[in-house]
4 protein chains.
Amino acid sequence: MSIRVGIVGIAGYGGGEVLRYIAQHPEFELVYAAGESTAGSRVGDRYPGVPDDIGNLIIDKFDPRAINNVDVLFASLPTGASREPLAEVGNSVKIIDIGGDHRYVDGWTYGLADVWPEQMKGKTRIANPGCYPAATLTALAPLLTNKLIEPANIIVDAKTGVSGAGRGGGDSKFTYAECNEDLAAYGLLKHVHMPEIAATIDLLSGGTSGQAAAGLVFTPHLIPMTRGILATIYARGTATTDQCLAAAREFYKGRKFVRVTDKSPHTKWASGSNLAFVSYACDPARNLVIALCAIDNLGKGAAGQAIQNANLICGLDEAAGLGCTSLWP
Amino acid sequence: MSIRVGIVGIAGYGGGEVLRYIAQHPEFELVYAAGESTAGSRVGDRYPGVPDDIGNLIIDKFDPRAINNVDVLFASLPTGASREPLAEVGNSVKIIDIGGDHRYVDGWTYGLADVWPEQMKGKTRIANPGCYPAATLTALAPLLTNKLIEPANIIVDAKTGVSGAGRGGGDSKFTYAECNEDLAAYGLLKHVHMPEIAATIDLLSGGTSGQAAAGLVFTPHLIPMTRGILATIYARGTATTDQCLAAAREFYKGRKFVRVTDKSPHTKWASGSNLAFVSYACDPARNLVIALCAIDNLGKGAAGQAIQNANLICGLDEAAGLGCTSLWP
Amino acid sequence: MSIRVGIVGIAGYGGGEVLRYIAQHPEFELVYAAGESTAGSRVGDRYPGVPDDIGNLIIDKFDPRAINNVDVLFASLPTGASREPLAEVGNSVKIIDIGGDHRYVDGWTYGLADVWPEQMKGKTRIANPGCYPAATLTALAPLLTNKLIEPANIIVDAKTGVSGAGRGGGDSKFTYAECNEDLAAYGLLKHVHMPEIAATIDLLSGGTSGQAAAGLVFTPHLIPMTRGILATIYARGTATTDQCLAAAREFYKGRKFVRVTDKSPHTKWASGSNLAFVSYACDPARNLVIALCAIDNLGKGAAGQAIQNANLICGLDEAAGLGCTSLWP
Amino acid sequence: MSIRVGIVGIAGYGGGEVLRYIAQHPEFELVYAAGESTAGSRVGDRYPGVPDDIGNLIIDKFDPRAINNVDVLFASLPTGASREPLAEVGNSVKIIDIGGDHRYVDGWTYGLADVWPEQMKGKTRIANPGCYPAATLTALAPLLTNKLIEPANIIVDAKTGVSGAGRGGGDSKFTYAECNEDLAAYGLLKHVHMPEIAATIDLLSGGTSGQAAAGLVFTPHLIPMTRGILATIYARGTATTDQCLAAAREFYKGRKFVRVTDKSPHTKWASGSNLAFVSYACDPARNLVIALCAIDNLGKGAAGQAIQNANLICGLDEAAGLGCTSLWP
């Protein structure tokens, strides 16, 4: 018998990517979709590529108390908009919150699926990591747990495709004409993703709370591409490149979605998939470890990881429905 | 003594490109800038590239009766928004309306600067051609005046960059994430530029009013690029490629901004300039003439042609301020 | 027991997309991969996204007589390079030739899988349609078989992403710097895909051989995007839009990969999938039928259709391994 | 009387951009153009946008001893290819070497035109800075000269558009299909531009030779855009944002091409121009100074700076021919 799933925020890019994975999932059946502006229309009006059995579902306004026929709910709502309604969802409904409202919140498990998959077991409330944290922490976890870098002196220079900004909400700065042939840093010294990165660094390094935050530098950049995140991370340590690669290969042994590579990873390697590619380049003479991670911001950075988490809490193969490779070119 | 110019609609793409040309114009001095959302701010806040003498100008709300110190006004307002206010501008102010409200309107000259430059002389009200018509008519004019094609049987398959849609006004369909890696036709059988194309075809071919419109087909497409228009035009006629090229070379002899080329023209050849590249490929056995024209939609398709028209009505060299080449790559 | 498949031309874009579909196919197992420049390296060196069971396969030089353990061979070789080697492949090996050498060649079936799927049954030699013909003919088939348009008076204005040019072979005209922000027509009046389009039009319309070719106009354009083809087709006929849509819905009833849509189709709707979206816009007063078809040039235009054909000749569900939706955005 | 100039390497992107600036320069007249693959053809065949007086010039093979009628020679040759031929050019010919062979070479002045313009006076051999160093050093110069940061502990995370790779030379990794929707770091820990950055840091900070190099980290990234470089630089210091901005405003007072801005700079602000935009964001509590600089890699990063240097050594206004603003959008 299939598992009945729902999506709240179906019209956004995160919700749409969850839909794509559900459409090819062997166990998940979409029985519920909710949206604001699209309520009342067919799922297929928004997503012409889905087959009719999915496309004919009518999008509802989200009513958290009326979804008791749903086994797993994927919520992809703007920051600040999910805390109240999700609190009203019944306990029988498992929730994966792709939005940012429940990360490091009591009662919710931070869903870093490749780093601590066993922590998902038996849980019903998963806070899916942000896109930047997913890339950053996947690269750092092996280094931190092996104490190969200083946890309180980390600089993250991150680059994201424009879909990371969501559907744009009428801001001309995300239009094609203005994003194409442009590149800039934004949110200097104050990005909303910093706390979850710092908190996780502390957990992984065994540091006291707040230790990483004191030194963490995080600079996001908007890149003229639709999908993809690359995190280029500068840390202090005297490990060699080979030591870092070996530590990561050991750390991610048996994990299906993290690939440790000698070569500098490309975001295109991950495009359309739940994959993460990590690599390292070190110069012990400079006390330098460069860690790199490339993902699809809508895959490992959002919907792919959400499906993986749903698989884990449902006791399925973590890879169910997630396909096995990316698009090229 | 310099000519004092103003721009209404300074924050839009058309207004911004007029600003760029004015900034390098030897005779035009920007003394007035008006906008809606940007009123009260500095021109330089919107356009960080301009030097301070221009950048420090404060943007006004447009008041048509308070601009008597302006010699030439460039208006780049949304369709429907310019007819009333421009009617209130005093006669001493010359106007170039880049918007669509005054094309083929009594008292206004349709500013096809390369086709009938002498018609601008002494005029004070110029309706600048639309971007698609600029490309289409530049390719067709030599054929129509030489009766090399049937005027009532013309198919225009046109392609534009996204800046042609203006600054986007909050529609997610113009965001980078959705335009990139996408392509579609739009406005099938009913684009707002059809009447001015048809009216000009009738004028150039000596046809009766409405003759061209009966058979004209115009299909615009949105292309994932910021600037550029290519018009691919299918017409009926038995001229050879060489005859069409020769007719165009003769027609545009001495014109600085139209280049007739043997090769299939690229929009990049015109990027950042007022240039138009036209070419032809014919198959008399199929009764077929293909006419091609590549322009920058913000150059020859809007601001470049507007400056050229302003030069013509002011008695200046038509090329003043327009530079002499395009960007590559 | 799984079906053993091989890919010749593994390093090209067509071969790579076949690989992607095979990687998610429930019945096909990749046992053989051949390439020129990549021979001797691992499949995973070229495609970092594939899992190790596929990635560890070593790429061979193609030896047509040494592949008898292969049940189905996908050949994606440059035009002119496949006729001789494929003639040496044993009869026990089924072949799908994605390249252009066997279209309308004796002994090979032209693999228009959505139009005449029943013709694949029992066949062992399939000539996969070209990317432009796939888009063009999918839109035209319902009109031609229902005699809604004149078969000898068809203009195809087609637009393709740059992956359609293959991996580029060192020509700077396909570099990012020169393709981005550019658009041009090419191959005017002489594209290599015209004969198969004309031959198929004659077949579908019941015309005599050569009838369509006499009037066919085909103009391809290079668009700054990686994937996607849109065919905008101008034909003569007095059918209404509704009649054309109804004819197409009837024609493609039960076909999983062709979607008939009221809206103007976007290439992004098909991106990463084997889907084709067709629509029509008619103006009987102008004796005009506009037919539109959007596909992924590497999906329905190459590898997707190839897998579909392989499924058909192997007696599998035609949709096996092809997923069920496209990427958005 | 005009100054006679020549370009060697006319077909490359750097050479082409020099040509564009020369075409609009009030004093420079192009009398000589040389190239390898294009020798024998017209300049206009390669650059359809230039007017005929320039376009009709025939491209020569470069013969360094046959150019005595040239006053200023712009050389834009591949690294390693300019040292020998340029040594044979007569002393009466001033040379601006845009390539990398003469940076910090005896007898050549490193042409950081906005930082030490007075050093160009009377010189005849200028080594134009590399594109990455131009961006990096423009941001760092005010900090280093004012001792606001530690010179031996600088991390440069730099991002460039694809034109920075030159015309591509047949490598599929620079094709549109592979660069679009992709992003990666390259040249980790060993980029060829590091020595000139380190040497200049030592000069500006008054450090001993080699001091900066010991700690310098430089990571370039390839971005899917044609033009533009952003350098995001992480340094150690306790200055505030306001102090850094004030230092830069003082340092660049009166310089026409460097704009100090409160906002995070966008590469598009500089597109098609010789402008550089610098900004700073500091967190004294983290001992952190972030310096940012956005340029057009073909403008300030190559041809724009080359023209500026040529102006300086010829005693002209440094801004001659360089226009006054950038393209938007």
# chains A, B, ... in the order shown; residues from 1 in each chain; ligands from 1
$ select_by_dssp --residues "segment 171-200 of chain B" --states "alpha helix (DSSP H)" --output "ChimeraX atom specification"
/B:176-179,194-200
$ residues_around --residues "segment 18-25 of chain C" --least-positions-apart "4" --cutoff "8 Å" --atoms "only C-alpha atoms" --output "short mmCIF file (atom, residue, chain, number, x, y, z; two decimals) with N, CA and C atoms, in the first residue's frame"
data_model
loop_
_atom_site.label_atom_id
_atom_site.label_comp_id
_atom_site.auth_asym_id
_atom_site.auth_seq_id
_atom_site.Cartn_x
_atom_site.Cartn_y
_atom_site.Cartn_z
N GLY A 323 16.01 8.70 -8.11
CA GLY A 323 16.77 8.48 -9.34
C GLY A 323 18.20 8.16 -9.01
N CYS A 324 19.04 8.12 -10.00
CA CYS A 324 20.41 7.79 -9.64
C CYS A 324 21.44 8.63 -10.33
N THR A 325 21.06 9.59 -11.08
CA THR A 325 22.10 10.44 -11.66
C THR A 325 21.55 11.82 -11.99
N SER A 326 22.41 12.66 -12.52
CA SER A 326 22.09 14.05 -12.79
C SER A 326 22.02 14.28 -14.30
N LEU A 327 21.61 15.49 -14.67
CA LEU A 327 21.53 15.83 -16.10
C LEU A 327 22.86 16.35 -16.61
N ILE C 7 26.28 1.49 -25.50
CA ILE C 7 26.22 2.83 -26.08
C ILE C 7 27.52 3.07 -26.85
N ILE C 10 29.64 7.39 -26.32
CA ILE C 10 29.24 7.62 -24.92
C ILE C 10 29.58 9.04 -24.44
N GLY C 14 24.30 13.19 -26.85
CA GLY C 14 23.26 12.20 -27.08
C GLY C 14 23.55 10.91 -26.33
N GLU C 29 20.46 -2.96 -18.65
CA GLU C 29 21.71 -2.96 -17.90
C GLU C 29 22.85 -2.59 -18.85
N LEU C 30 23.58 -1.55 -18.52
CA LEU C 30 24.67 -1.13 -19.40
C LEU C 30 25.84 -2.09 -19.26
N VAL C 50 26.90 9.35 -12.16
CA VAL C 50 26.38 7.98 -12.19
C VAL C 50 26.92 7.18 -11.00
N ILE C 54 27.75 1.62 -12.60
CA ILE C 54 27.87 2.06 -13.99
C ILE C 54 29.19 2.78 -14.21
N PHE C 74 22.79 1.35 -28.67
CA PHE C 74 22.45 2.73 -29.02
C PHE C 74 23.68 3.36 -29.65
N ALA C 303 17.76 11.07 -27.15
CA ALA C 303 17.90 9.90 -26.28
C ALA C 303 16.56 9.39 -25.75
N GLY C 304 15.66 10.31 -25.44
CA GLY C 304 14.36 9.87 -24.91
C GLY C 304 13.62 9.04 -25.93
N ALA C 306 14.95 7.51 -28.36
CA ALA C 306 15.73 6.28 -28.59
C ALA C 306 15.38 5.21 -27.57
N ILE C 307 15.26 5.61 -26.31
CA ILE C 307 14.87 4.65 -25.28
C ILE C 307 13.44 4.15 -25.53
N ALA C 320 9.08 2.74 -20.06
CA ALA C 320 10.02 2.21 -19.06
C ALA C 320 11.29 3.03 -19.00
N GLY C 321 11.67 3.44 -17.82
CA GLY C 321 12.92 4.16 -17.62
C GLY C 321 12.89 5.63 -17.99
N LEU C 322 11.77 6.07 -18.53
CA LEU C 322 11.72 7.44 -19.04
C LEU C 322 11.17 8.44 -18.04
#
$ interface_residues --of "chain D" --to "chain B" --cutoff "9 Å" --atoms "only C-alpha atoms" --output "VMD selection string"
chain D and resid 13 16 to 17 20 23 to 24 47 to 51 163 181 226 to 227 256 259 261 269 to 270 272 to 273 275 277 323 to 329
$ closest_residue --among "C:Val43, C:Leu86, C:Ile3, C:Cys179" --to "Gly315 of chain C" --atoms "only C-alpha atoms"
C:Ile3
$ residues_around --residues "Ala39 of chain C" --least-positions-apart "6" --cutoff "7 Å" --atoms "only C-alpha atoms" --output "ChimeraX atom specification"
/C:59-61
$ write_last_selection --atoms "N, CA and C atoms" --output "JSON list (two decimals), in the first residue's frame"
[["chain", "number", "residue", "atom", "x", "y", "z"],
["C", 59, "ILE", "N", 35.46, 2.43, -20.89],
["C", 59, "ILE", "CA", 35.04, 2.77, -22.25],
["C", 59, "ILE", "C", 36.00, 2.13, -23.24],
["C", 60, "ASP", "N", 35.42, 1.45, -24.24],
["C", 60, "ASP", "CA", 36.20, 0.80, -25.30],
["C", 60, "ASP", "C", 36.26, 1.66, -26.55],
["C", 61, "LYS", "N", 37.23, 1.34, -27.42],
["C", 61, "LYS", "CA", 37.11, 1.74, -28.82],
["C", 61, "LYS", "C", 36.02, 0.86, -29.43]]
$ residues_around --residues "Lys159 of chain D" --least-positions-apart "3" --cutoff "8 Å" --atoms "only C-alpha atoms" --output "MDAnalysis selection string"
chainID D and resid 220:223 229:231
$ atom_distance --atom1 "atom CA of Gly166 of chain A" --atom2 "atom CA of Tyr132 of chain A"
13.9 Å
$ residues_around --residues "Ala11 of chain D" --least-positions-apart "4" --cutoff "8 Å" --atoms "only C-alpha atoms" --output "VMD selection string"
chain D and resid 15 to 16 35 38 46
$ write_last_selection --atoms "N, CA, C and O atoms" --output "PDB file, in the first residue's frame"
ATOM      1  N   GLY D  15      41.929  41.802 -27.696  1.00  0.00           N
ATOM      2  CA  GLY D  15      42.223  42.620 -28.859  1.00  0.00           C
ATOM      3  C   GLY D  15      40.972  43.267 -29.437  1.00  0.00           C
ATOM      4  O   GLY D  15      40.982  44.430 -29.854  1.00  0.00           O
ATOM      5  N   GLY D  16      39.890  42.512 -29.435  1.00  0.00           N
ATOM      6  CA  GLY D  16      38.637  43.042 -29.962  1.00  0.00           C
ATOM      7  C   GLY D  16      38.105  44.190 -29.124  1.00  0.00           C
ATOM      8  O   GLY D  16      37.531  45.153 -29.646  1.00  0.00           O
ATOM      9  N   GLY D  35      47.105  39.295 -36.616  1.00  0.00           N
ATOM     10  CA  GLY D  35      46.506  38.105 -36.026  1.00  0.00           C
ATOM     11  C   GLY D  35      47.102  36.872 -36.659  1.00  0.00           C
ATOM     12  O   GLY D  35      47.815  36.963 -37.661  1.00  0.00           O
ATOM     13  N   THR D  38      43.476  34.872 -38.502  1.00  0.00           N
ATOM     14  CA  THR D  38      42.688  35.804 -39.303  1.00  0.00           C
ATOM     15  C   THR D  38      43.520  36.597 -40.304  1.00  0.00           C
ATOM     16  O   THR D  38      42.971  37.419 -41.043  1.00  0.00           O
ATOM     17  N   ARG D  46      35.781  40.064 -39.103  1.00  0.00           N
ATOM     18  CA  ARG D  46      35.761  39.544 -37.732  1.00  0.00           C
ATOM     19  C   ARG D  46      34.833  40.378 -36.848  1.00  0.00           C
ATOM     20  O   ARG D  46      34.207  39.844 -35.951  1.00  0.00           O
TER      21      ARG D  46
END
$ atom_distance --atom1 "atom CA of Glu27 of chain B" --atom2 "atom CA of Val258 of chain B"
23.3 Å
$ atom_distance --atom1 "atom CA of Cys131 of chain D" --atom2 "atom CA of Ile313 of chain D"
20.5 Å
$ closest_residue --among "D:Thr175, D:Thr241, D:Thr136, D:Asn309" --to "Val156 of chain D" --atoms "only C-alpha atoms"
D:Thr136
$ select_by_dssp --residues "segment 46-241 of chain C" --states "strand (DSSP E or B)" --output "PyMOL selection string"
chain C and resi 58+60+72-75+94-97+109-110+125-127+155-160+175+184-185+217-222+229-236
$ residues_around --residues "segment 92-107 of chain C" --least-positions-apart "5" --cutoff "7 Å" --atoms "only C-alpha atoms" --output "PDB file with N, CA, C and O atoms, in the first residue's frame"
ATOM      1  N   ASN C  68      28.784  -9.094 -29.279  1.00  0.00           N
ATOM      2  CA  ASN C  68      27.673 -10.028 -29.396  1.00  0.00           C
ATOM      3  C   ASN C  68      26.958 -10.311 -28.079  1.00  0.00           C
ATOM      4  O   ASN C  68      25.910 -10.947 -28.054  1.00  0.00           O
ATOM      5  N   VAL C  70      25.720  -7.960 -26.439  1.00  0.00           N
ATOM      6  CA  VAL C  70      24.819  -6.819 -26.284  1.00  0.00           C
ATOM      7  C   VAL C  70      23.487  -7.133 -26.963  1.00  0.00           C
ATOM      8  O   VAL C  70      23.460  -7.590 -28.100  1.00  0.00           O
ATOM      9  N   ASP C  71      22.389  -6.874 -26.253  1.00  0.00           N
ATOM     10  CA  ASP C  71      21.073  -7.082 -26.851  1.00  0.00           C
ATOM     11  C   ASP C  71      20.615  -5.880 -27.662  1.00  0.00           C
ATOM     12  O   ASP C  71      20.015  -6.019 -28.719  1.00  0.00           O
ATOM     13  N   VAL C  72      20.854  -4.696 -27.113  1.00  0.00           N
ATOM     14  CA  VAL C  72      20.439  -3.464 -27.806  1.00  0.00           C
ATOM     15  C   VAL C  72      21.615  -2.496 -27.800  1.00  0.00           C
ATOM     16  O   VAL C  72      22.190  -2.220 -26.739  1.00  0.00           O
ATOM     17  N   LEU C  73      21.941  -1.984 -28.974  1.00  0.00           N
ATOM     18  CA  LEU C  73      23.025  -1.017 -29.091  1.00  0.00           C
ATOM     19  C   LEU C  73      22.460   0.349 -29.466  1.00  0.00           C
ATOM     20  O   LEU C  73      21.742   0.479 -30.464  1.00  0.00           O
ATOM     21  N   PHE C  74      22.793   1.350 -28.673  1.00  0.00           N
ATOM     22  CA  PHE C  74      22.450   2.728 -29.016  1.00  0.00           C
ATOM     23  C   PHE C  74      23.684   3.364 -29.654  1.00  0.00           C
ATOM     24  O   PHE C  74      24.752   3.426 -29.020  1.00  0.00           O
ATOM     25  N   ALA C  75      23.538   3.831 -30.890  1.00  0.00           N
ATOM     26  CA  ALA C  75      24.671   4.448 -31.582  1.00  0.00           C
ATOM     27  C   ALA C  75      24.408   5.938 -31.722  1.00  0.00           C
ATOM     28  O   ALA C  75      23.380   6.352 -32.254  1.00  0.00           O
ATOM     29  N   SER C  76      25.339   6.731 -31.223  1.00  0.00           N
ATOM     30  CA  SER C  76      25.207   8.185 -31.308  1.00  0.00           C
ATOM     31  C   SER C  76      26.520   8.734 -31.838  1.00  0.00           C
ATOM     32  O   SER C  76      27.358   9.235 -31.102  1.00  0.00           O
ATOM     33  N   LEU C  77      26.665   8.583 -33.146  1.00  0.00           N
ATOM     34  CA  LEU C  77      27.917   8.946 -33.805  1.00  0.00           C
ATOM     35  C   LEU C  77      27.686  10.124 -34.736  1.00  0.00           C
ATOM     36  O   LEU C  77      26.562  10.397 -35.150  1.00  0.00           O
ATOM     37  N   PRO C  78      28.747  10.848 -35.075  1.00  0.00           N
ATOM     38  CA  PRO C  78      28.583  11.975 -36.001  1.00  0.00           C
ATOM     39  C   PRO C  78      28.042  11.495 -37.352  1.00  0.00           C
ATOM     40  O   PRO C  78      28.273  10.355 -37.760  1.00  0.00           O
ATOM     41  N   THR C  79      27.342  12.394 -38.023  1.00  0.00           N
ATOM     42  CA  THR C  79      26.795  12.060 -39.337  1.00  0.00           C
ATOM     43  C   THR C  79      27.916  11.587 -40.259  1.00  0.00           C
ATOM     44  O   THR C  79      28.974  12.195 -40.334  1.00  0.00           O
ATOM     45  N   GLY C  80      27.664  10.486 -40.922  1.00  0.00           N
ATOM     46  CA  GLY C  80      28.644   9.928 -41.839  1.00  0.00           C
ATOM     47  C   GLY C  80      29.533   8.880 -41.222  1.00  0.00           C
ATOM     48  O   GLY C  80      30.211   8.119 -41.933  1.00  0.00           O
ATOM     49  N   SER C  82      28.515   6.383 -39.011  1.00  0.00           N
ATOM     50  CA  SER C  82      27.915   5.167 -38.446  1.00  0.00           C
ATOM     51  C   SER C  82      27.562   4.127 -39.504  1.00  0.00           C
ATOM     52  O   SER C  82      27.386   2.953 -39.184  1.00  0.00           O
ATOM     53  N   ARG C  83      27.471   4.513 -40.758  1.00  0.00           N
ATOM     54  CA  ARG C  83      26.976   3.556 -41.742  1.00  0.00           C
ATOM     55  C   ARG C  83      27.871   2.322 -41.848  1.00  0.00           C
ATOM     56  O   ARG C  83      27.402   1.184 -41.744  1.00  0.00           O
ATOM     57  N   THR C 124      14.545  -4.643 -35.786  1.00  0.00           N
ATOM     58  CA  THR C 124      15.847  -4.673 -35.120  1.00  0.00           C
ATOM     59  C   THR C 124      16.752  -3.525 -35.541  1.00  0.00           C
ATOM     60  O   THR C 124      17.866  -3.398 -35.038  1.00  0.00           O
ATOM     61  N   ARG C 125      16.309  -2.737 -36.494  1.00  0.00           N
ATOM     62  CA  ARG C 125      17.115  -1.601 -36.947  1.00  0.00           C
ATOM     63  C   ARG C 125      16.223  -0.356 -36.979  1.00  0.00           C
ATOM     64  O   ARG C 125      15.356  -0.215 -37.840  1.00  0.00           O
ATOM     65  N   ILE C 126      16.455   0.548 -36.045  1.00  0.00           N
ATOM     66  CA  ILE C 126      15.645   1.762 -35.943  1.00  0.00           C
ATOM     67  C   ILE C 126      16.525   2.979 -36.201  1.00  0.00           C
ATOM     68  O   ILE C 126      17.558   3.150 -35.549  1.00  0.00           O
ATOM     69  N   ALA C 127      16.082   3.810 -37.137  1.00  0.00           N
ATOM     70  CA  ALA C 127      16.743   5.105 -37.356  1.00  0.00           C
ATOM     71  C   ALA C 127      15.970   6.150 -36.568  1.00  0.00           C
ATOM     72  O   ALA C 127      14.826   6.477 -36.909  1.00  0.00           O
ATOM     73  N   ASN C 128      16.573   6.608 -35.503  1.00  0.00           N
ATOM     74  CA  ASN C 128      15.907   7.583 -34.631  1.00  0.00           C
ATOM     75  C   ASN C 128      15.786   8.922 -35.370  1.00  0.00           C
ATOM     76  O   ASN C 128      16.739   9.361 -36.007  1.00  0.00           O
ATOM     77  N   GLY C 130      15.831  12.847 -36.327  1.00  0.00           N
ATOM     78  CA  GLY C 130      16.615  14.005 -35.917  1.00  0.00           C
ATOM     79  C   GLY C 130      15.832  14.862 -34.952  1.00  0.00           C
ATOM     80  O   GLY C 130      14.608  14.733 -34.811  1.00  0.00           O
ATOM     81  N   GLU C 196      14.375  14.254 -44.369  1.00  0.00           N
ATOM     82  CA  GLU C 196      13.527  13.355 -43.560  1.00  0.00           C
ATOM     83  C   GLU C 196      12.206  14.025 -43.182  1.00  0.00           C
ATOM     84  O   GLU C 196      11.176  13.365 -43.048  1.00  0.00           O
ATOM     85  N   ALA C 302      16.242  13.043 -29.184  1.00  0.00           N
ATOM     86  CA  ALA C 302      17.391  12.133 -29.310  1.00  0.00           C
ATOM     87  C   ALA C 302      17.241  10.938 -28.359  1.00  0.00           C
ATOM     88  O   ALA C 302      16.624   9.934 -28.709  1.00  0.00           O
ATOM     89  N   ALA C 306      14.955   7.507 -28.358  1.00  0.00           N
ATOM     90  CA  ALA C 306      15.734   6.282 -28.588  1.00  0.00           C
ATOM     91  C   ALA C 306      15.381   5.208 -27.567  1.00  0.00           C
ATOM     92  O   ALA C 306      15.210   4.034 -27.906  1.00  0.00           O
ATOM     93  N   ALA C 310      13.610   1.686 -28.175  1.00  0.00           N
ATOM     94  CA  ALA C 310      14.196   0.440 -27.675  1.00  0.00           C
ATOM     95  C   ALA C 310      13.163  -0.336 -26.853  1.00  0.00           C
ATOM     96  O   ALA C 310      13.048  -1.562 -26.963  1.00  0.00           O
TER      97      ALA C 310
END
$ decode --residues "segment 171-182 of chain C" --atoms "N, CA, C and O atoms" --output "compact mmCIF listing (two decimals), in the first residue's frame"
# COMPACT_ATOMS: atom_id res chain seq x y z
N ASP C 171 35.05 24.67 -32.06
CA ASP C 171 34.65 25.85 -32.80
C ASP C 171 34.24 26.93 -31.82
O ASP C 171 33.33 26.74 -31.02
N SER C 172 34.92 28.09 -31.92
CA SER C 172 34.63 29.13 -30.93
C SER C 172 33.20 29.64 -31.05
O SER C 172 32.71 30.29 -30.16
N LYS C 173 32.53 29.32 -32.15
CA LYS C 173 31.17 29.85 -32.25
C LYS C 173 30.20 29.16 -31.30
O LYS C 173 29.09 29.64 -31.13
N PHE C 174 30.60 28.08 -30.68
CA PHE C 174 29.74 27.45 -29.68
C PHE C 174 30.20 27.70 -28.25
O PHE C 174 29.69 27.11 -27.32
N THR C 175 31.21 28.55 -28.07
CA THR C 175 31.64 28.86 -26.71
C THR C 175 30.58 29.68 -25.99
O THR C 175 29.78 30.37 -26.61
N TYR C 176 30.65 29.60 -24.67
CA TYR C 176 29.71 30.38 -23.87
C TYR C 176 29.79 31.86 -24.20
O TYR C 176 28.79 32.55 -24.39
N ALA C 177 31.02 32.37 -24.26
CA ALA C 177 31.21 33.81 -24.44
C ALA C 177 30.56 34.31 -25.72
O ALA C 177 30.07 35.44 -25.77
N GLU C 178 30.53 33.48 -26.75
CA GLU C 178 29.98 33.94 -28.03
C GLU C 178 28.51 33.57 -28.22
O GLU C 178 27.78 34.26 -28.93
N CYS C 179 28.07 32.49 -27.62
CA CYS C 179 26.65 32.12 -27.74
C CYS C 179 25.76 32.90 -26.80
O CYS C 179 24.61 33.21 -27.14
N ASN C 180 26.26 33.18 -25.61
CA ASN C 180 25.43 33.91 -24.65
C ASN C 180 25.12 35.27 -25.23
O ASN C 180 25.95 35.92 -25.86
N GLU C 181 23.89 35.72 -25.00
CA GLU C 181 23.47 37.02 -25.54
C GLU C 181 23.63 37.08 -27.05
O GLU C 181 23.99 38.11 -27.61
N ASP C 182 23.36 35.97 -27.71
CA ASP C 182 23.40 35.97 -29.17
C ASP C 182 22.30 35.07 -29.71
O ASP C 182 21.82 34.16 -29.02
